[in-house]
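K.L.:
To start, I am sharing the structure in question, which I have written as structure tokens.
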4 protein chains.
Amino acid sequence: MSPKKNFYSDNVSGAAPEILQAIVAANAEDTAPYGADPWTERLTTRFTELFETPVDVYPVGTGTAANGLCASIVAAPYGGIYVSDAAHVHGSECGGAEFWSGGNARTVPLPTVDGKVAAADLARAVEDSGARSADVPPRAISLTQATEVSTVYTVAEVRSLAETAHARRLWVHMDGARFANAVARLGCTPAEASWKAGVDVLSFGATKNGALAAEAVVFFDRTLAETMRYRRRRGGHLYSKMRFLSAQLEAFVADDLWLRNARHANAMARRVRDGLAPIPGVRFRSPTEINFVLVALPEAVWDGLVAEGYSFSRRGAPSEGVIRIACAFDTRPEDVDALVATARKYASLSPEAERATPAMR
Amino acid sequence: MSPKKNFYSDNVSGAAPEILQAIVAANAEDTAPYGADPWTERLTTRFTELFETPVDVYPVGTGTAANGLCASIVAAPYGGIYVSDAAHVHGSECGGAEFWSGGNARTVPLPTVDGKVAAADLARAVEDSGARSADVPPRAISLTQATEVSTVYTVAEVRSLAETAHARRLWVHMDGARFANAVARLGCTPAEASWKAGVDVLSFGATKNGALAAEAVVFFDRTLAETMRYRRRRGGHLYSKMRFLSAQLEAFVADDLWLRNARHANAMARRVRDGLAPIPGVRFRSPTEINFVLVALPEAVWDGLVAEGYSFSRRGAPSEGVIRIACAFDTRPEDVDALVATARKYASLSPEAERATPAMR
Amino acid sequence: MSPKKNFYSDNVSGAAPEILQAIVAANAEDTAPYGADPWTERLTTRFTELFETPVDVYPVGTGTAANGLCASIVAAPYGGIYVSDAAHVHGSECGGAEFWSGGNARTVPLPTVDGKVAAADLARAVEDSGARSADVPPRAISLTQATEVSTVYTVAEVRSLAETAHARRLWVHMDGARFANAVARLGCTPAEASWKAGVDVLSFGATKNGALAAEAVVFFDRTLAETMRYRRRRGGHLYSKMRFLSAQLEAFVADDLWLRNARHANAMARRVRDGLAPIPGVRFRSPTEINFVLVALPEAVWDGLVAEGYSFSRRGAPSEGVIRIACAFDTRPEDVDALVATARKYASLSPEAERATPAMR
Amino acid sequence: MSPKKNFYSDNVSGAAPEILQAIVAANAEDTAPYGADPWTERLTTRFTELFETPVDVYPVGTGTAANGLCASIVAAPYGGIYVSDAAHVHGSECGGAEFWSGGNARTVPLPTVDGKVAAADLARAVEDSGARSADVPPRAISLTQATEVSTVYTVAEVRSLAETAHARRLWVHMDGARFANAVARLGCTPAEASWKAGVDVLSFGATKNGALAAEAVVFFDRTLAETMRYRRRRGGHLYSKMRFLSAQLEAFVADDLWLRNARHANAMARRVRDGLAPIPGVRFRSPTEINFVLVALPEAVWDGLVAEGYSFSRRGAPSEGVIRIACAFDTRPEDVDALVATARKYASLSPEAERATPAMR
């Protein structure tokens, strides 16, 4: 097997074998359509066990759908949703909050440090909004956990934000496209990372971490689920053969597959960082707490990697030259080692790089 | 293998083996996410060949998404979409047209005979609307092909409706959730059934006919596709691992799988009808031109079938007692024969049924 | 003063002197903007007295705004609103319900007799909808009182519809663009015509009956008003100099001006009908219970009236030749008599007309 | 006549005598409703003369409606509208852009100096957006002229912004709620202040400057007006007795009334500022270029003015203690002098104030 050279996204990987196997198994017999099947019905039990509290679970096909549906619900009947200025739901979903809510929701960006909103900034924003009766009223905060810059809110940080939010009558949504990576990093239980810290509704991601195409909206405050049924259907996320999504989710949380996958991907990103750190001129853009590394590479290193067939995604303004090196559940240590070796090879060819500033963090 | 007793929907079946195999094959290597993969890129060629004309193809996860996206496009900037009074897009998608368009589209039902709108009724409706400048202006017609009552518009009927529509500056959308069954019935080419007859954009269904979860929006008038990119993304139907949808669609149209599946399902429904027709008291609600039968059964027959574990879906007002018996790509002749034999068994036990009126058609 | 020849609409008239006077009076001093003025604050008291129950009152500029706001509220979070197939809110507001609700509301037309929905038809529609879980769920009925065809629901009819609606958990909205004409006709109190008969929220019209530009949304179920504040503001109907709308409404209901105006306009329409009825070939399209007459005139009469400078609006399909002759608060008996005399003049010139069928009702 | 003590808003005043007179005059005879009247038809000519170029003019009732309609048009089919972070359309219209567009528009705030966006910041924002294909694409900029902080974009500044915008295919909307005050300040022609500087569509304000309730949307790029007809109607701003809005607008621009009113109000604000400036501890928040003053007053002065019955509105965070002193067309010099004298009286009573810092600008 040739080494993995595509570090563009955790989505470049296919599905984990366990997931594919679950799909094949779900194909064996006929069943009721539109979610009235045993797989989907079992999900409630599975997720209730996983989160140690009764939940309502709704499978959907993509994270954008999960986030958009949640946005339309937490902002109802009308209002603003605080988000980080880097939030996927704010800048990477083509205005999904506005769309899913029919113009009743608006994302309101707050400043961040290392991709994380601070409770004090949230409190101040709510206070300021109080003086503007004609502005869109705040209704919720949406936290991305883990964040878009490879950091993770601590449980205490989530709790502090949630308390701040709830004290001001805001709902707390968590965009957990990489919830698995966050829980793996935190070493806590899923419950501690979510409802016990104050999360009301969670976009529970699976696709980035080994599913084929499946996410789930998990309602801890089940009153929020009241309108979900029709919202999901008209949005085209009530799949006729829903069992195939549910089977993925069931396999994903069975035997800790989701955490095993996430722990592995996180470790691979750590290995990338540790391998690149000694290279002169390498500057890391943020801590590497989950499965990807944001880094600015010396030009010779970047050019060399691209010449050898590696691919990454760019992040931020082009002038900053920051790339994201994303690891997945199926990234092997030898893939990382080959990447690092290649980077070092091109670094040594560049006297200019030797003179560059050392790693920022 | 036990006989199939679930005739509730064509969606009770799983995926066809060829489809599952394509998914497994697509899993073999890494690839670019969000549709920049070879499978998705090949789709344009595959569908251009299939339809004998250059098309733009956008995979989505469900028919409701396909229809909603099309509705938001053909009604833009604002307007009404004529539909049949039985149309899925009108009564079975929780107001999808209104939702996807942000309140800019409205479905406007027209009367039907055997589930089909007549060109003269369309012409009259447009004419009447001209006198009402403050009403929602008509912008499009959406035809369900095949229809919700197991009938098929002839190519001439589609052409006549499309000419009527185009002459009045209306777009023509075809909801082809069962387009395969229609083409199989018509015995024409996909091109003849669509753009050659005047269809501008098609919701091309695959899930009901053997896919796991994949549909495609096919633009024959490619200017209509201009806004599709962002509409699909914000609606949560730009899948990160899009290759898995594209691979399904590719396998679906390869080697005529889609038509073979459809022909088979159609034949099985015919077999159901022929088998039930002699039973006294059986009344068919509409012609059986595709893969399901709408029928009112004598009470004893209905009770008996249910007692033996058969399931069907109800159609129309409860008082009418009409059920839908749906066949799929994997319904076997022996499944149908067992169903018919069971029905006959209970019919003979019912002297009342003997006195009932003979089959209506 | 020349005779009024413009019977196109009750909106061709200007404002009643009392209304203009109130506007001038409201101009005398400075006051708080955006409705925090004494005129607006008094409205609650005025309307609470008028309706003999505590109400919330929100002035807006047009009936379309009033209806759209109400539609967005009664259909929330999402649903259908039953209307008559002739309803202004359905066919004359450019899809206002869909627009104001951001795609969450849809008007669902019911058949009518003389412009009125029957409770039995409402009950049947709700029952049928229960079998279609994927359809837009019914949430409300919107009655136009008086109707678009010059008829009036009796208090018993309103009560029956409201009871039918409430028993099925539907809200009851009344589009009262001509509520004054209806109350004048019924000879009951405003309370009896509205909340005592089960109306939850009323679009209370004034413009057609003598105001310059002012309508009010009157909430009898005040829980429905919760979101009105922001809905009205973002919709552009929170006027900075709101006192000028409120002053109109205050003058409108003071000293029974609204009822005096409506009684007069109704009487004038009756006078038109009585005057035209003897003319051979004249066919009335519906009863004349309020301030306009729907009638098909013999061609010679129509041509003659137009030639003499009269104007009317057409109603229904052009082939039917039905016109609306609308009277207003300022239509004088001599205006009507001149109209009738002119019609008779042309009728007598037309031997053909003499042979025509007599009046239909 | 008692001195004006209400400086809360330019909207606390009533209508100018010329405006009221025009309304009374428009009441004299019957006319076609819904804008097919001579007053409305004349507006096109009046505004074409005023702006020295053919325009399409649509009267509406409020500035929020004008801005919302424009937002829905310039953002179509979907996109972002750059605004100042203090823009009325962003923070004072309850999310009007999102509402009017059915979730297709989003306001995107840019930083400002003295309430004005700089062309360089606009250029940078557009450039940055180019790297984010999944973000809402920028479609327009909306400039508030004059601004929310009493400043005015110079013609060169508008031109520079418009050129920057057009070069990047953005539309240019001007929120001219106080366009009159801006033109009066600039001393240029209305044409120079708008389309000659690159403005495509203008919310032309009249209410704040002497109208009763009338604003106009003026399309310089008339292709933008294509959908305005239905957008305005369904939004409830097609008034049945439209002549009363048009008559206001006609009187407003006749004989330079609008500019005379604006010049006067601007001068009164200047007089306020000059009168307050010498008071120790008075700090002005921004330049005073139009008809209001943003100022932080010493506590004793503020308390004294309130005790004497004066009213103002607060601006910004409560801790800043900034108030807006707004003058209107009918503010008299003696009103200002009384205000200033009162302020000085309380200032002299406050030894603390004497020690305070001198005026900031």
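The way I read the labels, and the way they are meant: chains A, B, ... in the order of the structure tokens, residue 1 as the first residue of every chain, and ligand 1 as the first ligand shown, with later ones counted on from there.
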Please check the contacts: residues of chain A at most 9 Å away from chain C, using only C-alpha atoms, listed as a list in words.
P.N.:
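Going by the stated atoms only, the list reads Ala76, Pro77, Tyr78, Ser101, Gly102, Gly103, Asn104, Ala134, Val136, Thr227, Tyr230, Arg233 and Arg234 of chain A.
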K.L.:
Can you spit out the residues from that selection as a short mmCIF file (atom, residue, chain, number, x, y, z; two decimals), in the first residue's frame, using N, CA, C and O atoms?
P.N.:
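And here's again15.cif as it stands now:
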```cif
data_model
loop_
_atom_site.label_atom_id
_atom_site.label_comp_id
_atom_site.auth_asym_id
_atom_site.auth_seq_id
_atom_site.Cartn_x
_atom_site.Cartn_y
_atom_site.Cartn_z
N ALA A 76 -35.47 30.18 17.04
CA ALA A 76 -36.91 30.41 16.89
C ALA A 76 -37.48 31.17 18.09
O ALA A 76 -37.01 30.95 19.21
N PRO A 77 -38.49 32.01 17.89
CA PRO A 77 -39.10 32.29 16.60
C PRO A 77 -38.23 33.20 15.73
O PRO A 77 -38.50 33.30 14.54
N TYR A 78 -37.20 33.78 16.30
CA TYR A 78 -36.39 34.74 15.53
C TYR A 78 -35.26 35.20 16.42
O TYR A 78 -35.47 35.44 17.61
N SER A 101 -33.70 28.81 8.55
CA SER A 101 -34.69 29.50 9.40
C SER A 101 -35.63 30.38 8.60
O SER A 101 -36.45 31.09 9.19
N GLY A 102 -35.50 30.39 7.28
CA GLY A 102 -36.35 31.28 6.49
C GLY A 102 -36.14 32.75 6.82
O GLY A 102 -37.06 33.56 6.77
N GLY A 103 -34.89 33.11 7.14
CA GLY A 103 -34.58 34.50 7.44
C GLY A 103 -34.82 34.88 8.88
O GLY A 103 -34.79 36.06 9.23
N ASN A 104 -35.08 33.89 9.74
CA ASN A 104 -35.35 34.20 11.14
C ASN A 104 -34.12 34.08 12.05
O ASN A 104 -34.19 34.43 13.22
N ALA A 134 -34.02 47.22 18.78
CA ALA A 134 -34.39 46.99 17.39
C ALA A 134 -33.41 46.07 16.68
O ALA A 134 -33.55 45.79 15.50
N VAL A 136 -31.47 42.32 16.24
CA VAL A 136 -31.87 40.93 16.35
C VAL A 136 -31.52 40.45 17.77
O VAL A 136 -30.38 40.56 18.18
N THR A 227 -40.23 20.40 16.74
CA THR A 227 -40.48 20.71 15.33
C THR A 227 -39.52 19.98 14.40
O THR A 227 -39.56 20.19 13.19
N TYR A 230 -40.76 17.71 11.07
CA TYR A 230 -41.09 18.28 9.77
C TYR A 230 -39.94 19.10 9.20
O TYR A 230 -39.77 19.18 7.99
N ARG A 233 -37.78 16.64 7.41
CA ARG A 233 -38.38 16.07 6.20
C ARG A 233 -38.36 17.06 5.05
O ARG A 233 -37.92 16.76 3.94
N ARG A 234 -38.84 18.26 5.31
CA ARG A 234 -38.91 19.20 4.19
C ARG A 234 -37.51 19.62 3.73
O ARG A 234 -37.32 20.01 2.58
#
```
K.L.:
Which neighbours of region 306-320 of chain A fall inside 6 Å, counting only C-alpha atoms, when residues of the same chain fewer than 3 positions from it are skipped, and could you give them as a short mmCIF file (atom, residue, chain, number, x, y, z; two decimals) with C-alpha atoms, in the first residue's frame?
P.N.:
```cif
data_model
loop_
_atom_site.label_atom_id
_atom_site.label_comp_id
_atom_site.auth_asym_id
_atom_site.auth_seq_id
_atom_site.Cartn_x
_atom_site.Cartn_y
_atom_site.Cartn_z
CA LYS A 5 -0.12 11.77 0.65
CA ASN A 6 -3.52 13.43 0.79
CA PHE A 7 -3.70 15.46 4.00
CA TYR A 8 -6.19 17.92 2.52
CA ASP A 303 7.19 23.53 -2.70
CA ILE A 323 -1.98 25.23 5.64
CA ARG A 324 -3.95 22.55 7.38
CA ILE A 325 -2.45 19.09 7.61
#
```
K.L.:
Based on the backbone DSSP call, show me all residues of region 23-122 of chain C assigned helix (DSSP H, G or I), as a ChimeraX atom specification.
P.N.:
/C:23-26,38-51,63-74,88-91,96-100,119-122
K.L.:
Could you pull out all residues of region 245-307 of chain A with a DSSP call of strand (DSSP E or B) and give them as a list of chain:residue names?
P.N.:
A:Arg283, A:Phe284, A:Phe292, A:Val293, A:Leu294, A:Val295, A:Ala296
K.L.:
Between B:Glu148, B:Asp335, B:Glu127, B:Asp256, single out the one closest to Leu50 (chain B), counting only C-alpha atoms.
P.N.:
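Counting only C-alpha atoms, the residue closest to Leu50 (chain B) is B:Asp256.
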K.L.:
Quick one: residues within 10 Å of Trp258 (chain C), only C-alpha atoms counted, chain neighbours fewer than 3 positions away excluded, as number ranges by chain?
P.N.:
C: 179-181, 183-184, 205-206, 209-211, 249, 251-255, 261-263, 329
K.L.:
So how far away is CA of Ala269 (chain A) from CA of Gln248 (chain A), in Å?
P.N.:
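About the pair CA of Gln248 (chain A) and CA of Ala269 (chain A): they are 24.9 Å apart.
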K.L.:
Residues at most 12 Å from Thr53 (chain C), counting only C-alpha atoms, excluding those fewer than 4 positions away in the same chain, as a PyMOL selection string?
P.N.:
chain C and resi 44-49+57+190-192+194-196+218-222
K.L.:
For the residues in the current selection, export C-alpha atoms as a PDB file, in the first residue's frame.
P.N.:
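Written out: out.pdb:
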```pdb
ATOM      1  CA  THR C  44     -55.551  49.948  23.646  1.00  0.00           C
ATOM      2  CA  THR C  45     -58.215  51.564  25.780  1.00  0.00           C
ATOM      3  CA  ARG C  46     -60.317  52.568  22.801  1.00  0.00           C
ATOM      4  CA  PHE C  47     -60.301  49.111  21.274  1.00  0.00           C
ATOM      5  CA  THR C  48     -60.741  47.411  24.620  1.00  0.00           C
ATOM      6  CA  GLU C  49     -63.899  49.494  25.052  1.00  0.00           C
ATOM      7  CA  VAL C  57     -53.778  46.537  19.143  1.00  0.00           C
ATOM      8  CA  PRO C 190     -68.159  44.214  17.299  1.00  0.00           C
ATOM      9  CA  ALA C 191     -67.616  41.768  20.161  1.00  0.00           C
ATOM     10  CA  GLU C 192     -70.370  39.489  18.937  1.00  0.00           C
ATOM     11  CA  SER C 194     -65.449  38.671  16.575  1.00  0.00           C
ATOM     12  CA  TRP C 195     -64.150  37.149  19.795  1.00  0.00           C
ATOM     13  CA  LYS C 196     -67.517  36.165  21.180  1.00  0.00           C
ATOM     14  CA  VAL C 218     -56.426  43.285  17.095  1.00  0.00           C
ATOM     15  CA  PHE C 219     -55.407  40.335  19.254  1.00  0.00           C
ATOM     16  CA  PHE C 220     -58.199  38.813  21.312  1.00  0.00           C
ATOM     17  CA  ASP C 221     -55.946  35.930  22.267  1.00  0.00           C
ATOM     18  CA  ARG C 222     -53.148  38.100  23.509  1.00  0.00           C
TER      19      ARG C 222
END
```
K.L.:
Skip Asn266 (chain A) itself and residues of its chain fewer than 4 positions away, then list as a JSON list (two decimals) with N, CA, C and O atoms, in the first residue's frame all residues within 12 Å of it, counting only C-alpha atoms.
P.N.:
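The resulting file, result06.json, is reproduced below:
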```json
[["chain", "number", "residue", "atom", "x", "y", "z"],
["A", 10, "ASP", "N", -9.87, 15.57, 6.63],
["A", 10, "ASP", "CA", -10.21, 14.26, 7.18],
["A", 10, "ASP", "C", -11.29, 13.60, 6.34],
["A", 10, "ASP", "O", -11.60, 12.43, 6.52],
["A", 146, "ALA", "N", -14.55, 19.87, 18.58],
["A", 146, "ALA", "CA", -13.42, 20.74, 18.67],
["A", 146, "ALA", "C", -13.51, 21.88, 17.65],
["A", 146, "ALA", "O", -14.32, 21.82, 16.73],
["A", 150, "SER", "N", -8.12, 23.39, 15.58],
["A", 150, "SER", "CA", -7.51, 22.23, 16.25],
["A", 150, "SER", "C", -7.42, 22.37, 17.76],
["A", 150, "SER", "O", -6.68, 21.64, 18.40],
["A", 151, "THR", "N", -8.18, 23.26, 18.34],
["A", 151, "THR", "CA", -8.21, 23.36, 19.79],
["A", 151, "THR", "C", -9.51, 22.78, 20.34],
["A", 151, "THR", "O", -10.45, 22.51, 19.58],
["A", 152, "VAL", "N", -9.51, 22.62, 21.66],
["A", 152, "VAL", "CA", -10.66, 22.00, 22.31],
["A", 152, "VAL", "C", -11.06, 22.86, 23.52],
["A", 152, "VAL", "O", -10.20, 23.27, 24.30],
["A", 178, "ARG", "N", -16.47, 17.39, 14.98],
["A", 178, "ARG", "CA", -15.31, 16.63, 15.50],
["A", 178, "ARG", "C", -15.46, 16.44, 17.01],
["A", 178, "ARG", "O", -14.50, 16.56, 17.76],
["A", 180, "ALA", "N", -15.97, 13.72, 18.50],
["A", 180, "ALA", "CA", -15.19, 12.54, 18.87],
["A", 180, "ALA", "C", -13.75, 12.93, 19.20],
["A", 180, "ALA", "O", -13.18, 12.52, 20.22],
["A", 181, "ASN", "N", -13.16, 13.76, 18.35],
["A", 181, "ASN", "CA", -11.78, 14.18, 18.59],
["A", 181, "ASN", "C", -11.67, 15.00, 19.88],
["A", 181, "ASN", "O", -10.68, 14.91, 20.60],
["A", 182, "ALA", "N", -12.70, 15.77, 20.17],
["A", 182, "ALA", "CA", -12.69, 16.57, 21.39],
["A", 182, "ALA", "C", -12.79, 15.68, 22.62],
["A", 182, "ALA", "O", -12.03, 15.83, 23.58],
["A", 183, "VAL", "N", -13.71, 14.72, 22.59],
["A", 183, "VAL", "CA", -13.86, 13.82, 23.74],
["A", 183, "VAL", "C", -12.59, 12.99, 23.94],
["A", 183, "VAL", "O", -12.12, 12.79, 25.06],
["A", 184, "ALA", "N", -12.03, 12.54, 22.83],
["A", 184, "ALA", "CA", -10.79, 11.76, 22.92],
["A", 184, "ALA", "C", -9.69, 12.60, 23.57],
["A", 184, "ALA", "O", -8.91, 12.13, 24.40],
["A", 185, "ARG", "N", -9.62, 13.83, 23.19],
["A", 185, "ARG", "CA", -8.61, 14.73, 23.75],
["A", 185, "ARG", "C", -8.86, 15.00, 25.23],
["A", 185, "ARG", "O", -7.94, 15.02, 26.06],
["A", 186, "LEU", "N", -10.15, 15.27, 25.56],
["A", 186, "LEU", "CA", -10.48, 15.65, 26.93],
["A", 186, "LEU", "C", -10.36, 14.47, 27.89],
["A", 186, "LEU", "O", -10.12, 14.67, 29.10],
["A", 209, "ASN", "N", -14.92, 11.13, 10.80],
["A", 209, "ASN", "CA", -14.22, 10.20, 11.67],
["A", 209, "ASN", "C", -14.51, 8.75, 11.32],
["A", 209, "ASN", "O", -14.42, 7.87, 12.16],
["A", 259, "LEU", "N", -14.29, 6.61, 19.38],
["A", 259, "LEU", "CA", -13.20, 7.16, 20.19],
["A", 259, "LEU", "C", -11.85, 6.58, 19.77],
["A", 259, "LEU", "O", -10.85, 7.29, 19.76],
["A", 260, "ARG", "N", -11.88, 5.31, 19.40],
["A", 260, "ARG", "CA", -10.62, 4.73, 18.93],
["A", 260, "ARG", "C", -10.14, 5.45, 17.67],
["A", 260, "ARG", "O", -8.97, 5.81, 17.56],
["A", 261, "ASN", "N", -11.06, 5.66, 16.75],
["A", 261, "ASN", "CA", -10.70, 6.39, 15.52],
["A", 261, "ASN", "C", -10.18, 7.78, 15.84],
["A", 261, "ASN", "O", -9.18, 8.25, 15.27],
["A", 262, "ALA", "N", -10.86, 8.45, 16.73],
["A", 262, "ALA", "CA", -10.49, 9.83, 17.04],
["A", 262, "ALA", "C", -9.15, 9.90, 17.76],
["A", 262, "ALA", "O", -8.31, 10.76, 17.46],
["A", 270, "ARG", "N", -0.51, 14.89, 16.25],
["A", 270, "ARG", "CA", 0.57, 15.19, 17.21],
["A", 270, "ARG", "C", 1.92, 14.78, 16.63],
["A", 270, "ARG", "O", 2.90, 15.50, 16.73],
["A", 271, "ARG", "N", 1.90, 13.60, 15.99],
["A", 271, "ARG", "CA", 3.14, 13.08, 15.39],
["A", 271, "ARG", "C", 3.60, 14.00, 14.25],
["A", 271, "ARG", "O", 4.80, 14.22, 14.08],
["A", 272, "VAL", "N", 2.65, 14.52, 13.48],
["A", 272, "VAL", "CA", 3.01, 15.47, 12.42],
["A", 272, "VAL", "C", 3.67, 16.70, 13.04],
["A", 272, "VAL", "O", 4.74, 17.15, 12.62],
["A", 273, "ARG", "N", 3.05, 17.20, 14.06],
["A", 273, "ARG", "CA", 3.57, 18.43, 14.67],
["A", 273, "ARG", "C", 4.97, 18.21, 15.27],
["A", 273, "ARG", "O", 5.88, 19.01, 15.05],
["A", 288, "THR", "N", -2.12, 22.17, 18.64],
["A", 288, "THR", "CA", -2.63, 20.99, 17.93],
["A", 288, "THR", "C", -3.23, 20.05, 18.97],
["A", 288, "THR", "O", -2.51, 19.23, 19.56],
["A", 289, "GLU", "N", -4.49, 20.20, 19.20],
["A", 289, "GLU", "CA", -5.13, 19.39, 20.23],
["A", 289, "GLU", "C", -5.95, 18.25, 19.65],
["A", 289, "GLU", "O", -6.32, 17.32, 20.37],
["A", 290, "ILE", "N", -6.28, 18.37, 18.36],
["A", 290, "ILE", "CA", -7.02, 17.23, 17.77],
["A", 290, "ILE", "C", -6.29, 16.71, 16.54],
["A", 290, "ILE", "O", -5.06, 16.59, 16.59],
["A", 291, "ASN", "N", -7.03, 16.45, 15.46],
["A", 291, "ASN", "CA", -6.45, 15.65, 14.38],
["A", 291, "ASN", "C", -5.89, 16.43, 13.20],
["A", 291, "ASN", "O", -5.78, 15.90, 12.11],
["A", 292, "PHE", "N", -5.64, 17.72, 13.41],
["A", 292, "PHE", "CA", -4.98, 18.44, 12.30],
["A", 292, "PHE", "C", -4.07, 19.52, 12.86],
["A", 292, "PHE", "O", -4.16, 19.91, 14.03],
["A", 293, "VAL", "N", -3.18, 19.96, 11.99],
["A", 293, "VAL", "CA", -2.14, 20.91, 12.35],
["A", 293, "VAL", "C", -2.27, 22.13, 11.44],
["A", 293, "VAL", "O", -2.36, 21.97, 10.23],
["A", 325, "ILE", "N", -2.84, 20.47, 7.86],
["A", 325, "ILE", "CA", -2.45, 19.09, 7.61],
["A", 325, "ILE", "C", -3.39, 18.22, 8.43],
["A", 325, "ILE", "O", -3.32, 18.21, 9.66],
["A", 326, "ALA", "N", -4.30, 17.53, 7.72],
["A", 326, "ALA", "CA", -5.36, 16.81, 8.42],
["A", 326, "ALA", "C", -5.09, 15.31, 8.43],
["A", 326, "ALA", "O", -4.78, 14.71, 7.39],
["A", 327, "CYS", "N", -5.20, 14.73, 9.60],
["A", 327, "CYS", "CA", -5.07, 13.28, 9.74],
["A", 327, "CYS", "C", -6.45, 12.67, 9.96],
["A", 327, "CYS", "O", -7.36, 13.34, 10.46],
["A", 328, "ALA", "N", -6.56, 11.41, 9.63],
["A", 328, "ALA", "CA", -7.86, 10.74, 9.76],
["A", 328, "ALA", "C", -7.70, 9.42, 10.49],
["A", 328, "ALA", "O", -6.60, 9.07, 10.93],
["A", 329, "PHE", "N", -8.82, 8.73, 10.62],
["A", 329, "PHE", "CA", -8.80, 7.45, 11.34],
["A", 329, "PHE", "C", -7.85, 6.44, 10.67],
["A", 329, "PHE", "O", -7.38, 5.51, 11.32],
["A", 330, "ASP", "N", -7.60, 6.64, 9.39],
["A", 330, "ASP", "CA", -6.81, 5.65, 8.66],
["A", 330, "ASP", "C", -5.42, 6.14, 8.28],
["A", 330, "ASP", "O", -4.75, 5.52, 7.45],
["A", 331, "THR", "N", -5.01, 7.26, 8.87],
["A", 331, "THR", "CA", -3.65, 7.73, 8.63],
["A", 331, "THR", "C", -2.70, 6.84, 9.44],
["A", 331, "THR", "O", -2.89, 6.66, 10.64],
["A", 332, "ARG", "N", -1.70, 6.31, 8.78],
["A", 332, "ARG", "CA", -0.79, 5.40, 9.48],
["A", 332, "ARG", "C", 0.46, 6.14, 9.96],
["A", 332, "ARG", "O", 0.86, 7.14, 9.33],
["A", 333, "PRO", "N", 1.10, 5.66, 11.00],
["A", 333, "PRO", "CA", 2.33, 6.30, 11.46],
["A", 333, "PRO", "C", 3.34, 6.42, 10.32],
["A", 333, "PRO", "O", 4.01, 7.45, 10.19]]
```
K.L.:
Expressed in Å to a single decimal, how great is the separation between CA of Ser2 (chain D) and CA of Gly321 (chain D)?
P.N.:
28.1 Å
K.L.:
Could you give me, as number ranges by chain, the residues within 8 Å of Arg232 (chain B), counting only C-alpha atoms and dropping anything in the same chain fewer than 4 positions from it?
P.N.:
B: 60, 69, 228, 236-238
K.L.:
Choose the residue, out of D:Ala119, D:Gly91, D:Leu20, D:Phe204, that has the smallest atom-to-atom separation from Arg106 (chain A); count only C-alpha atoms.
P.N.:
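Going through D:Ala119, D:Gly91, D:Leu20, D:Phe204 one by one, the smallest distance to Arg106 (chain A) is for D:Gly91.
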K.L.:
Rounded to one decimal in Å, what is the spacing between CA of Gly176 (chain A) and CA of Gly235 (chain A)?
P.N.:
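Separation between CA of Gly176 (chain A) and CA of Gly235 (chain A): 20.2 Å.
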